[in-house]
$ cat coords-v4.pdb   # PDB, C-alpha atoms
MODEL        1
ATOM      1  CA  MET A   1      37.884 -81.718  64.113
ATOM      2  CA  ASN A   2      38.195 -78.539  62.095
ATOM      3  CA  ARG A   3      36.632 -80.284  59.105
ATOM      4  CA  VAL A   4      33.653 -81.431  61.182
ATOM      5  CA  ALA A   5      33.150 -77.939  62.623
ATOM      6  CA  SER A   6      33.420 -76.456  59.155
ATOM      7  CA  ALA A   7      30.850 -78.938  57.768
ATOM      8  CA  VAL A   8      28.468 -78.192  60.669
ATOM      9  CA  TRP A   9      28.877 -74.445  60.180
ATOM     10  CA  SER A  10      28.302 -74.831  56.442
ATOM     11  CA  GLY A  11      25.114 -76.832  57.176
ATOM     12  CA  ILE A  12      23.856 -74.136  59.548
ATOM     13  CA  ARG A  13      24.568 -71.417  56.974
ATOM     14  CA  GLU A  14      22.736 -73.356  54.268
ATOM     15  CA  ALA A  15      19.706 -73.983  56.504
ATOM     16  CA  TYR A  16      19.665 -70.262  57.365
ATOM     17  CA  GLY A  17      19.907 -69.384  53.668
ATOM     18  CA  LEU A  18      16.957 -71.653  52.963
ATOM     19  CA  LEU A  19      14.711 -69.581  55.220
ATOM     20  CA  VAL A  20      16.199 -66.095  55.322
ATOM     21  CA  ASP A  21      17.195 -63.581  52.651
ATOM     22  CA  ASP A  22      16.575 -60.444  54.629
ATOM     23  CA  GLY A  23      17.241 -60.871  58.356
ATOM     24  CA  ALA A  24      15.073 -57.881  59.279
ATOM     25  CA  MET A  25      12.106 -59.361  57.432
ATOM     26  CA  ALA A  26      12.575 -62.697  59.166
ATOM     27  CA  VAL A  27      12.664 -60.935  62.564
ATOM     28  CA  GLY A  28       9.562 -58.947  61.567
ATOM     29  CA  THR A  29       7.767 -62.174  60.620
ATOM     30  CA  LEU A  30       8.657 -63.787  63.952
ATOM     31  CA  LEU A  31       7.487 -60.647  65.777
ATOM     32  CA  ALA A  32       4.208 -60.824  63.840
ATOM     33  CA  VAL A  33       3.709 -64.398  65.060
ATOM     34  CA  ALA A  34       4.589 -63.357  68.624
ATOM     35  CA  VAL A  35       2.029 -60.515  68.567
ATOM     36  CA  ALA A  36      -0.636 -62.856  67.138
ATOM     37  CA  ALA A  37       0.197 -65.438  69.810
ATOM     38  CA  LEU A  38      -0.135 -62.799  72.517
ATOM     39  CA  LEU A  39      -3.483 -61.641  71.153
ATOM     40  CA  SER A  40      -4.763 -65.200  70.939
ATOM     41  CA  THR A  41      -3.833 -66.029  74.540
ATOM     42  CA  GLU A  42      -5.257 -62.772  75.858
ATOM     43  CA  ALA A  43      -8.379 -63.395  73.768
ATOM     44  CA  MET A  44      -8.501 -59.664  73.043
ATOM     45  CA  LEU A  45     -10.010 -60.216  69.633
ATOM     46  CA  GLY A  46     -12.755 -62.721  70.468
ATOM     47  CA  ASP A  47     -13.228 -66.230  69.141
ATOM     48  CA  GLY A  48     -13.365 -65.525  65.385
ATOM     49  CA  ASP A  49     -10.536 -65.370  62.907
ATOM     50  CA  ALA A  50      -9.526 -61.773  63.723
ATOM     51  CA  VAL A  51      -6.163 -62.950  65.119
ATOM     52  CA  GLY A  52      -5.509 -64.666  61.784
ATOM     53  CA  TRP A  53      -6.136 -61.425  59.903
ATOM     54  CA  VAL A  54      -3.891 -59.501  62.318
ATOM     55  CA  LEU A  55      -1.156 -62.055  61.640
ATOM     56  CA  PHE A  56      -1.722 -61.695  57.889
ATOM     57  CA  ALA A  57      -1.495 -57.885  58.106
ATOM     58  CA  LEU A  58       1.656 -57.947  60.252
ATOM     59  CA  VAL A  59       3.401 -60.464  57.969
ATOM     60  CA  TRP A  60       2.593 -58.211  55.027
ATOM     61  CA  ALA A  61       3.870 -55.195  56.952
ATOM     62  CA  ALA A  62       7.225 -56.965  57.466
ATOM     63  CA  LEU A  63       7.312 -57.876  53.773
ATOM     64  CA  ALA A  64       6.426 -54.313  52.702
ATOM     65  CA  VAL A  65       9.201 -52.815  54.859
ATOM     66  CA  SER A  66      11.712 -55.252  53.372
ATOM     67  CA  LEU A  67      10.560 -54.435  49.822
ATOM     68  CA  HIS A  68      10.746 -50.706  50.544
ATOM     69  CA  ARG A  69      14.322 -51.081  51.821
ATOM     70  CA  ALA A  70      15.305 -53.059  48.717
ATOM     71  CA  ARG A  71      13.694 -50.441  46.471
ATOM     72  CA  THR A  72      15.468 -47.597  48.258
ATOM     73  CA  ARG A  73      18.830 -49.377  48.032
ATOM     74  CA  HIS A  74      18.265 -49.982  44.320
ATOM     75  CA  ARG A  75      17.243 -46.353  43.677
ATOM     76  CA  ASP A  76      20.145 -44.866  45.642
ATOM     77  CA  ARG A  77      22.827 -47.078  44.201
ATOM     78  CA  PRO A  78      25.221 -45.268  41.859
ATOM     79  CA  ALA A  79      24.609 -45.910  38.159
ATOM     80  CA  SER A  80      27.233 -48.173  36.611
TER      81      SER A  80
ATOM     82  CA  MET B  81     -10.150 -83.333  45.307
ATOM     83  CA  LEU B  82      -9.382 -80.524  47.769
ATOM     84  CA  ASN B  83      -6.060 -82.242  48.568
ATOM     85  CA  LEU B  84      -5.205 -82.270  44.899
ATOM     86  CA  VAL B  85      -5.639 -78.508  44.557
ATOM     87  CA  THR B  86      -4.349 -77.343  47.928
ATOM     88  CA  VAL B  87      -1.491 -79.803  48.437
ATOM     89  CA  ALA B  88      -0.475 -81.705  45.293
ATOM     90  CA  LEU B  89      -0.504 -78.652  43.003
ATOM     91  CA  PRO B  90       1.739 -76.417  45.175
ATOM     92  CA  ALA B  91       4.062 -79.399  45.755
ATOM     93  CA  PHE B  92       4.215 -80.008  41.998
ATOM     94  CA  LEU B  93       4.908 -76.369  41.098
ATOM     95  CA  ALA B  94       7.496 -75.794  43.839
ATOM     96  CA  SER B  95       9.252 -79.091  43.090
ATOM     97  CA  LEU B  96       9.255 -78.331  39.373
ATOM     98  CA  VAL B  97      11.240 -75.140  40.004
ATOM     99  CA  GLU B  98      13.755 -76.919  42.238
ATOM    100  CA  PHE B  99      14.193 -79.894  39.908
ATOM    101  CA  VAL B 100      14.809 -77.583  36.941
ATOM    102  CA  GLU B 101      17.569 -75.863  38.948
ATOM    103  CA  ALA B 102      19.107 -79.186  40.012
ATOM    104  CA  PHE B 103      18.896 -80.467  36.436
ATOM    105  CA  THR B 104      20.782 -77.410  35.146
ATOM    106  CA  ILE B 105      23.666 -78.105  37.548
ATOM    107  CA  VAL B 106      23.833 -81.837  36.732
ATOM    108  CA  LEU B 107      23.700 -81.035  33.008
ATOM    109  CA  ALA B 108      26.503 -78.466  33.361
ATOM    110  CA  VAL B 109      28.728 -80.966  35.189
ATOM    111  CA  GLY B 110      27.825 -83.764  32.791
ATOM    112  CA  THR B 111      28.557 -81.851  29.599
ATOM    113  CA  SER B 112      31.627 -79.959  30.807
ATOM    114  CA  ARG B 113      33.311 -82.577  33.021
ATOM    115  CA  SER B 114      32.031 -86.109  33.306
ATOM    116  CA  TRP B 115      28.607 -87.710  33.112
ATOM    117  CA  ARG B 116      29.751 -90.446  35.491
ATOM    118  CA  ALA B 117      30.649 -87.877  38.175
ATOM    119  CA  ALA B 118      27.497 -85.815  37.543
ATOM    120  CA  LEU B 119      25.170 -88.802  37.868
ATOM    121  CA  ALA B 120      27.079 -90.289  40.805
ATOM    122  CA  GLY B 121      26.877 -86.930  42.615
ATOM    123  CA  ALA B 122      23.143 -86.673  41.936
ATOM    124  CA  ALA B 123      22.551 -90.258  43.078
ATOM    125  CA  THR B 124      24.593 -89.783  46.283
ATOM    126  CA  ALA B 125      22.701 -86.591  47.107
ATOM    127  CA  THR B 126      19.396 -88.368  46.517
ATOM    128  CA  LEU B 127      20.418 -91.170  48.892
ATOM    129  CA  ALA B 128      21.517 -88.635  51.533
ATOM    130  CA  LEU B 129      18.174 -86.873  51.214
ATOM    131  CA  ALA B 130      16.299 -90.164  51.531
ATOM    132  CA  ALA B 131      18.244 -90.931  54.722
ATOM    133  CA  LEU B 132      17.432 -87.474  56.120
ATOM    134  CA  LEU B 133      13.768 -87.903  55.261
ATOM    135  CA  ALA B 134      13.697 -91.307  56.933
ATOM    136  CA  ALA B 135      15.285 -89.856  60.081
ATOM    137  CA  PHE B 136      13.316 -86.626  60.379
ATOM    138  CA  GLY B 137      10.296 -87.348  58.220
ATOM    139  CA  PRO B 138       6.804 -88.597  58.911
ATOM    140  CA  THR B 139       7.674 -90.660  62.012
ATOM    141  CA  LEU B 140       9.046 -87.673  63.907
ATOM    142  CA  LEU B 141       6.325 -85.326  62.688
ATOM    143  CA  ASP B 142       3.556 -87.769  63.631
ATOM    144  CA  ARG B 143       4.717 -87.767  67.267
ATOM    145  CA  VAL B 144       4.319 -84.031  67.744
ATOM    146  CA  ASP B 145       1.115 -82.460  69.080
ATOM    147  CA  GLU B 146      -1.025 -81.273  66.154
ATOM    148  CA  ARG B 147      -1.292 -77.620  67.218
ATOM    149  CA  VAL B 148       2.428 -77.359  67.891
ATOM    150  CA  LEU B 149       3.077 -78.963  64.519
ATOM    151  CA  LEU B 150       0.767 -76.478  62.762
ATOM    152  CA  LEU B 151       2.476 -73.566  64.497
ATOM    153  CA  VAL B 152       6.047 -74.686  63.790
ATOM    154  CA  ILE B 153       5.349 -75.607  60.170
ATOM    155  CA  GLY B 154       3.290 -72.452  59.661
ATOM    156  CA  VAL B 155       6.165 -70.257  60.875
ATOM    157  CA  LEU B 156       8.687 -72.142  58.719
ATOM    158  CA  LEU B 157       6.424 -71.699  55.702
ATOM    159  CA  LEU B 158       6.040 -67.987  56.454
ATOM    160  CA  LEU B 159       9.831 -67.615  56.438
ATOM    161  CA  PHE B 160      10.423 -69.906  53.457
ATOM    162  CA  GLY B 161       7.472 -68.664  51.392
ATOM    163  CA  GLY B 162       8.059 -65.033  52.353
ATOM    164  CA  ARG B 163      11.602 -65.335  51.019
ATOM    165  CA  TRP B 164      10.345 -66.746  47.711
ATOM    166  CA  LEU B 165       7.574 -64.167  47.367
ATOM    167  CA  ARG B 166       9.883 -61.256  48.222
ATOM    168  CA  LYS B 167      12.447 -62.356  45.675
ATOM    169  CA  ALA B 168       9.796 -62.979  43.011
ATOM    170  CA  MET B 169       8.303 -59.508  43.539
ATOM    171  CA  LEU B 170      11.737 -57.859  43.381
ATOM    172  CA  ARG B 171      12.457 -59.778  40.163
ATOM    173  CA  SER B 172       9.110 -58.834  38.635
ATOM    174  CA  ALA B 173       9.775 -55.178  39.465
ATOM    175  CA  GLY B 174      13.247 -55.355  37.870
ATOM    176  CA  ILE B 175      15.105 -54.662  41.113
ATOM    177  CA  ILE B 176      17.036 -57.914  41.079
ATOM    178  CA  ALA B 177      18.060 -60.098  38.152
ATOM    179  CA  LYS B 178      15.609 -62.667  36.875
ATOM    180  CA  HIS B 179      16.458 -66.336  37.139
ATOM    181  CA  ASP B 180      17.963 -67.432  33.836
ATOM    182  CA  GLU B 181      18.763 -71.133  33.473
ATOM    183  CA  ALA B 182      20.812 -70.586  30.285
ATOM    184  CA  ALA B 183      23.041 -68.026  32.019
ATOM    185  CA  ILE B 184      23.372 -70.213  35.112
ATOM    186  CA  PHE B 185      24.317 -73.138  32.897
ATOM    187  CA  ALA B 186      27.006 -71.037  31.178
ATOM    188  CA  THR B 187      28.340 -69.810  34.542
ATOM    189  CA  GLU B 188      28.549 -73.366  35.891
ATOM    190  CA  VAL B 189      30.297 -74.603  32.743
ATOM    191  CA  ASP B 190      32.787 -71.701  32.961
ATOM    192  CA  ALA B 191      33.451 -72.420  36.623
ATOM    193  CA  LEU B 192      34.020 -76.096  35.878
ATOM    194  CA  SER B 193      36.157 -75.552  32.797
ATOM    195  CA  GLY B 194      39.381 -77.461  32.735
ATOM    196  CA  PRO B 195      39.514 -81.070  31.695
ATOM    197  CA  ALA B 196      38.865 -83.827  34.175
ATOM    198  CA  ARG B 197      41.817 -86.203  34.233
ATOM    199  CA  ALA B 198      41.293 -89.179  32.021
ATOM    200  CA  ARG B 199      40.559 -92.485  33.716
ATOM    201  CA  ARG B 200      40.356 -90.863  37.164
ATOM    202  CA  PHE B 201      37.090 -90.164  38.873
ATOM    203  CA  ASP B 202      36.173 -86.467  38.688
ATOM    204  CA  TRP B 203      35.639 -85.623  42.363
ATOM    205  CA  ALA B 204      35.161 -81.906  41.688
ATOM    206  CA  GLY B 205      32.310 -82.622  39.284
ATOM    207  CA  PHE B 206      30.877 -85.141  41.739
ATOM    208  CA  ALA B 207      30.905 -82.543  44.543
ATOM    209  CA  VAL B 208      29.304 -79.773  42.475
ATOM    210  CA  SER B 209      26.575 -82.059  41.159
ATOM    211  CA  GLY B 210      25.945 -83.644  44.567
ATOM    212  CA  LYS B 211      25.784 -80.328  46.408
ATOM    213  CA  GLY B 212      23.463 -78.791  43.823
ATOM    214  CA  VAL B 213      21.054 -81.709  43.892
ATOM    215  CA  PHE B 214      21.178 -81.901  47.694
ATOM    216  CA  LEU B 215      20.443 -78.187  48.232
ATOM    217  CA  GLU B 216      17.569 -78.120  45.763
ATOM    218  CA  GLY B 217      16.350 -81.479  47.088
ATOM    219  CA  VAL B 218      16.237 -80.174  50.659
ATOM    220  CA  GLU B 219      13.744 -77.543  49.508
ATOM    221  CA  VAL B 220      11.594 -80.196  47.818
ATOM    222  CA  ALA B 221      11.750 -82.396  50.934
ATOM    223  CA  PHE B 222      10.819 -79.421  53.112
ATOM    224  CA  ILE B 223       7.785 -78.619  50.978
ATOM    225  CA  VAL B 224       6.602 -82.240  50.773
ATOM    226  CA  LEU B 225       7.021 -82.781  54.515
ATOM    227  CA  THR B 226       5.310 -79.566  55.574
ATOM    228  CA  LEU B 227       2.414 -79.895  53.142
ATOM    229  CA  GLY B 228       2.051 -83.584  54.014
ATOM    230  CA  ALA B 229       2.153 -83.078  57.768
ATOM    231  CA  THR B 230      -0.538 -80.428  57.737
ATOM    232  CA  GLY B 231      -2.513 -81.147  54.597
ATOM    233  CA  GLY B 232      -3.956 -84.587  55.276
ATOM    234  CA  GLY B 233      -1.191 -87.056  54.411
ATOM    235  CA  TYR B 234       2.019 -87.397  52.453
ATOM    236  CA  ALA B 235       0.531 -89.107  49.395
ATOM    237  CA  ALA B 236      -0.694 -85.954  47.623
ATOM    238  CA  PRO B 237       2.522 -83.859  47.960
ATOM    239  CA  THR B 238       4.674 -86.898  47.157
ATOM    240  CA  VAL B 239       2.689 -87.519  43.986
ATOM    241  CA  GLY B 240       3.000 -83.807  43.100
ATOM    242  CA  ALA B 241       6.780 -83.817  43.612
ATOM    243  CA  ALA B 242       7.237 -87.145  41.804
ATOM    244  CA  ALA B 243       5.245 -85.862  38.818
ATOM    245  CA  ALA B 244       7.501 -82.793  38.686
ATOM    246  CA  LEU B 245      10.639 -84.971  38.824
ATOM    247  CA  LEU B 246       9.318 -87.206  36.058
ATOM    248  CA  LEU B 247       8.477 -84.207  33.888
ATOM    249  CA  VAL B 248      11.896 -82.568  34.348
ATOM    250  CA  VAL B 249      13.883 -85.773  33.811
ATOM    251  CA  THR B 250      11.833 -86.713  30.728
ATOM    252  CA  ALA B 251      12.009 -83.241  29.187
ATOM    253  CA  GLY B 252      15.687 -82.899  30.129
ATOM    254  CA  ALA B 253      16.655 -86.281  28.689
ATOM    255  CA  ALA B 254      14.836 -85.438  25.471
ATOM    256  CA  LEU B 255      16.262 -81.921  25.073
ATOM    257  CA  ARG B 256      19.711 -82.333  26.700
ATOM    258  CA  GLN B 257      19.891 -78.620  27.326
ATOM    259  CA  PRO B 258      18.816 -76.262  30.139
ATOM    260  CA  LEU B 259      15.050 -76.079  30.498
ATOM    261  CA  THR B 260      14.873 -72.370  29.743
ATOM    262  CA  ARG B 261      11.245 -72.439  28.643
ATOM    263  CA  VAL B 262       9.975 -73.296  32.112
ATOM    264  CA  PRO B 263       8.636 -69.951  33.430
ATOM    265  CA  GLU B 264      10.587 -70.214  36.667
ATOM    266  CA  ASN B 265      10.057 -66.637  37.823
ATOM    267  CA  THR B 266       6.292 -66.839  37.374
ATOM    268  CA  LEU B 267       6.217 -70.237  39.088
ATOM    269  CA  LYS B 268       8.247 -68.923  42.022
ATOM    270  CA  TYR B 269       5.894 -65.981  42.363
ATOM    271  CA  ALA B 270       2.831 -68.257  42.387
ATOM    272  CA  VAL B 271       4.396 -70.763  44.764
ATOM    273  CA  GLY B 272       5.698 -68.010  47.079
ATOM    274  CA  ALA B 273       2.158 -66.599  47.305
ATOM    275  CA  MET B 274       0.778 -70.092  48.029
ATOM    276  CA  LEU B 275       3.370 -70.833  50.713
ATOM    277  CA  VAL B 276       2.775 -67.512  52.490
ATOM    278  CA  THR B 277      -0.960 -68.252  52.384
ATOM    279  CA  PHE B 278      -0.411 -71.727  53.885
ATOM    280  CA  GLY B 279       1.949 -70.198  56.441
ATOM    281  CA  VAL B 280      -0.608 -67.653  57.668
ATOM    282  CA  TYR B 281      -3.412 -70.228  57.647
ATOM    283  CA  TRP B 282      -1.551 -72.905  59.620
ATOM    284  CA  THR B 283       0.221 -70.539  62.013
ATOM    285  CA  ALA B 284      -3.139 -69.028  62.927
ATOM    286  CA  GLU B 285      -4.692 -72.503  63.322
ATOM    287  CA  GLY B 286      -1.758 -73.443  65.549
ATOM    288  CA  LEU B 287      -2.652 -70.418  67.691
ATOM    289  CA  GLY B 288      -6.239 -71.660  67.980
ATOM    290  CA  VAL B 289      -7.854 -69.550  65.259
ATOM    291  CA  VAL B 290     -10.881 -71.057  63.515
ATOM    292  CA  TRP B 291     -11.037 -69.589  60.019
ATOM    293  CA  THR B 292     -14.390 -68.550  58.595
ATOM    294  CA  GLY B 293     -15.265 -71.135  55.945
ATOM    295  CA  GLY B 294     -12.617 -73.627  57.134
ATOM    296  CA  ALA B 295     -10.229 -74.694  54.366
ATOM    297  CA  ALA B 296     -11.970 -72.266  51.989
ATOM    298  CA  ALA B 297     -10.003 -69.573  53.820
ATOM    299  CA  LEU B 298      -6.962 -70.769  51.860
ATOM    300  CA  GLY B 299      -8.736 -69.549  48.721
ATOM    301  CA  TYR B 300      -9.612 -66.053  49.911
ATOM    302  CA  LEU B 301      -6.278 -65.569  51.696
ATOM    303  CA  LEU B 302      -4.499 -66.497  48.455
ATOM    304  CA  VAL B 303      -6.595 -64.027  46.461
ATOM    305  CA  VAL B 304      -5.785 -61.201  48.907
ATOM    306  CA  THR B 305      -2.082 -62.187  48.838
ATOM    307  CA  LEU B 306      -2.001 -62.111  45.025
ATOM    308  CA  VAL B 307      -3.792 -58.740  44.904
ATOM    309  CA  LEU B 308      -1.419 -57.220  47.488
ATOM    310  CA  SER B 309       1.653 -58.603  45.752
ATOM    311  CA  PHE B 310       0.446 -57.289  42.387
ATOM    312  CA  LEU B 311      -0.015 -53.824  43.915
ATOM    313  CA  ALA B 312       3.398 -54.086  45.603
ATOM    314  CA  ILE B 313       5.106 -54.912  42.296
ATOM    315  CA  ARG B 314       3.541 -51.854  40.679
ATOM    316  CA  TRP B 315       4.691 -49.722  43.585
ATOM    317  CA  LEU B 316       8.197 -51.195  43.417
ATOM    318  CA  ARG B 317       8.751 -50.514  39.752
ATOM    319  CA  VAL B 318      11.397 -47.854  39.450
ATOM    320  CA  GLU B 319      12.829 -46.047  36.494
ATOM    321  CA  ALA B 320      15.824 -48.254  36.085
ATOM    322  CA  PRO B 321      16.864 -50.804  33.520
ATOM    323  CA  VAL B 322      15.471 -54.218  34.287
ATOM    324  CA  GLN B 323      18.159 -56.570  35.572
ATOM    325  CA  THR B 324      18.688 -59.688  33.502
ATOM    326  CA  GLY B 325      21.144 -62.539  33.682
ATOM    327  CA  ALA B 326      22.078 -65.281  36.047
ATOM    328  CA  VAL B 327      21.346 -65.160  39.683
ATOM    329  CA  GLN B 328      24.053 -66.220  42.084
ATOM    330  CA  THR B 329      24.490 -69.928  42.063
ATOM    331  CA  GLY B 330      25.538 -72.203  44.904
ATOM    332  CA  ALA B 331      22.801 -71.077  47.278
ATOM    333  CA  PRO B 332      19.191 -72.158  47.355
ATOM    334  CA  SER B 333      17.156 -69.655  45.396
TER     335      SER B 333
ENDMDL
END
$ encode --input "coords-v4.pdb" --output "structure tokens"
Amino acid sequence: MNRVASAVWSGIREAYGLLVDDGAMAVGTLLAVAVAALLSTEAMLGDGDAVGWVLFALVWAALAVSLHRARTRHRDRPAS
Amino acid sequence: MLNLVTVALPAFLASLVEFVEAFTIVLAVGTSRSWRAALAGAATATLALAALLAAFGPTLLDRVDERVLLLVIGVLLLLFGGRWLRKAMLRSAGIIAKHDEAAIFATEVDALSGPARARRFDWAGFAVSGKGVFLEGVEVAFIVLTLGATGGGYAAPTVGAAAALLLVVTAGAALRQPLTRVPENTLKYAVGAMLVTFGVYWTAEGLGVVWTGGAAALGYLLVVTLVLSFLAIRWLRVEAPVQTGAVQTGAPS
């Protein structure tokens, strides 16, 4: 039983690793989709592709924050 | 023709990267332990992948409502492609180590050092080879399935992936050493940008967005993505020695 649970857990971890490096960025990406979904159902931005561009901008915002955090960590790390 | 550029090409490039990584692992096991175990592991992993594809592949995807399918696959591509693009940008800026097949090969050989017992099947080599091929293969399967489900059929991405496999196996069999001359980091950067572009395009379509110019939007979204990522890499560059060497093995990269 333990072996099965361990194999399942290992599978879950590998699937997670396939999609996520930085958890905060993944959450930011999902939030971006949620905001775009909200805007599309409320039809706040009309019928064009404005919602698509909002999604694009928000996904890039999540990516930029993640990159900034990685850069800061790299800069602040003690020299070896 | 559009399918060839928008579906087969990304599938080829992404699969090429994954097959090179899988080949490095099989080669390391084969040369340091046992070719029988390395090839048996690779073959078992391939069969397991084929079974997974048969269970969760086209049949399942074809039953799902098209807009839901676009949304789910778009979000998965945003996560998957975003991860690739992020890593590629950090590598280009020198913040994390670049992918180095020669170093990975040496690390794998070191880890597997110790003779396999004569006349007994090398289960350790089998497991390492099988797991490596399976993990890299899952990424190929994911790309082929997502591009096929949303890009007008599975033929184009399957042909792209098969061409990449053929190229890697042919080049690998001829050279019998890690394929270090494949520009993996550049390929990952290009493919990451493409996957993020597809992700935005299909997620938005799943939400009911009609892009100006239809499929041509893939072109201008990709251009904007490449420009932004180029600017981001310049911004990221810090005054620090560029990291080189092997990336961590054992996880999909």
$ resolve_selection --input "coords-v4.pdb" --expression "the PyMOL selection byres ((chain A) within 8 of (chain B))" --output "VMD selection string"
chain A and resid 14 17 to 22 26 29 to 30 33 36 to 37 40 47 to 49 51 to 52 55 to 56 63 to 64 67 to 68 70 to 71 74 to 75
$ resolve_selection --input "coords-v4.pdb" --expression "the PyMOL selection byres ((chain B and resi 225-228) around 9)" --output "PyMOL selection string"
chain B and resi 86-88+90-91+133+137-138+141+153-154+156-157+220-224+229-238+278
$ residues_near_point --input "coords-v4.pdb" --point "(0.3, -56.4, 60.8)" --cutoff "10 Å" --atoms "all atoms listed in the file" --output "list of chain:residue names"
A:Gly28, A:Thr29, A:Leu31, A:Ala32, A:Val33, A:Val35, A:Ala36, A:Trp53, A:Val54, A:Leu55, A:Phe56, A:Ala57, A:Leu58, A:Val59, A:Trp60, A:Ala61, A:Ala62
$ atom_distance --input "coords-v4.pdb" --atom1 "CA of Val249 in chain B" --atom2 "CA of Ala123 in chain B"
13.5 Å
$ atom_distance --input "coords-v4.pdb" --atom1 "CA of Pro258 in chain B" --atom2 "CA of Ala122 in chain B"
16.3 Å
$ closest_residue --input "coords-v4.pdb" --among "A:Met25, A:Ser6, A:Ile12, A:Leu38" --to "Arg69 in chain A" --atoms "only C-alpha atoms"
A:Met25
$ atom_distance --input "coords-v4.pdb" --atom1 "CA of Arg77 in chain A" --atom2 "CA of Arg13 in chain A"
27.5 Å
$ closest_residue --input "coords-v4.pdb" --among "B:Val239, B:Val152, B:Ala251, B:Val303" --to "Leu93 in chain B" --atoms "only C-alpha atoms"
B:Val239
$ closest_residue --input "coords-v4.pdb" --among "B:Gln257, B:Thr126, B:Ser112, B:Ser172" --to "Ala204 in chain B" --atoms "only C-alpha atoms"
B:Ser112
$ resolve_selection --input "coords-v4.pdb" --expression "the PyMOL selection byres ((chain B and resi 108) around 12)" --output "ChimeraX atom specification"
/B:101-107,109-115,117-119,181-193,205-206,208-209,212,256-258
$ axis_aligned_box --input "coords-v4.pdb" --around "range 212-228 of chain B" --padding-each-side "4 Å" --output "JSON"
{"center_x": 12.8, "center_y": -80.6, "center_z": 49.7, "size_x": 29.4, "size_y": 14.0, "size_z": 19.8}
$ residues_around --input "coords-v4.pdb" --residues "Val248 in chain B" --least-positions-apart "4" --cutoff "7 Å" --atoms "only C-alpha atoms" --output "list in words"
Phe99, Val100, Ala244 and Gly252 of chain B
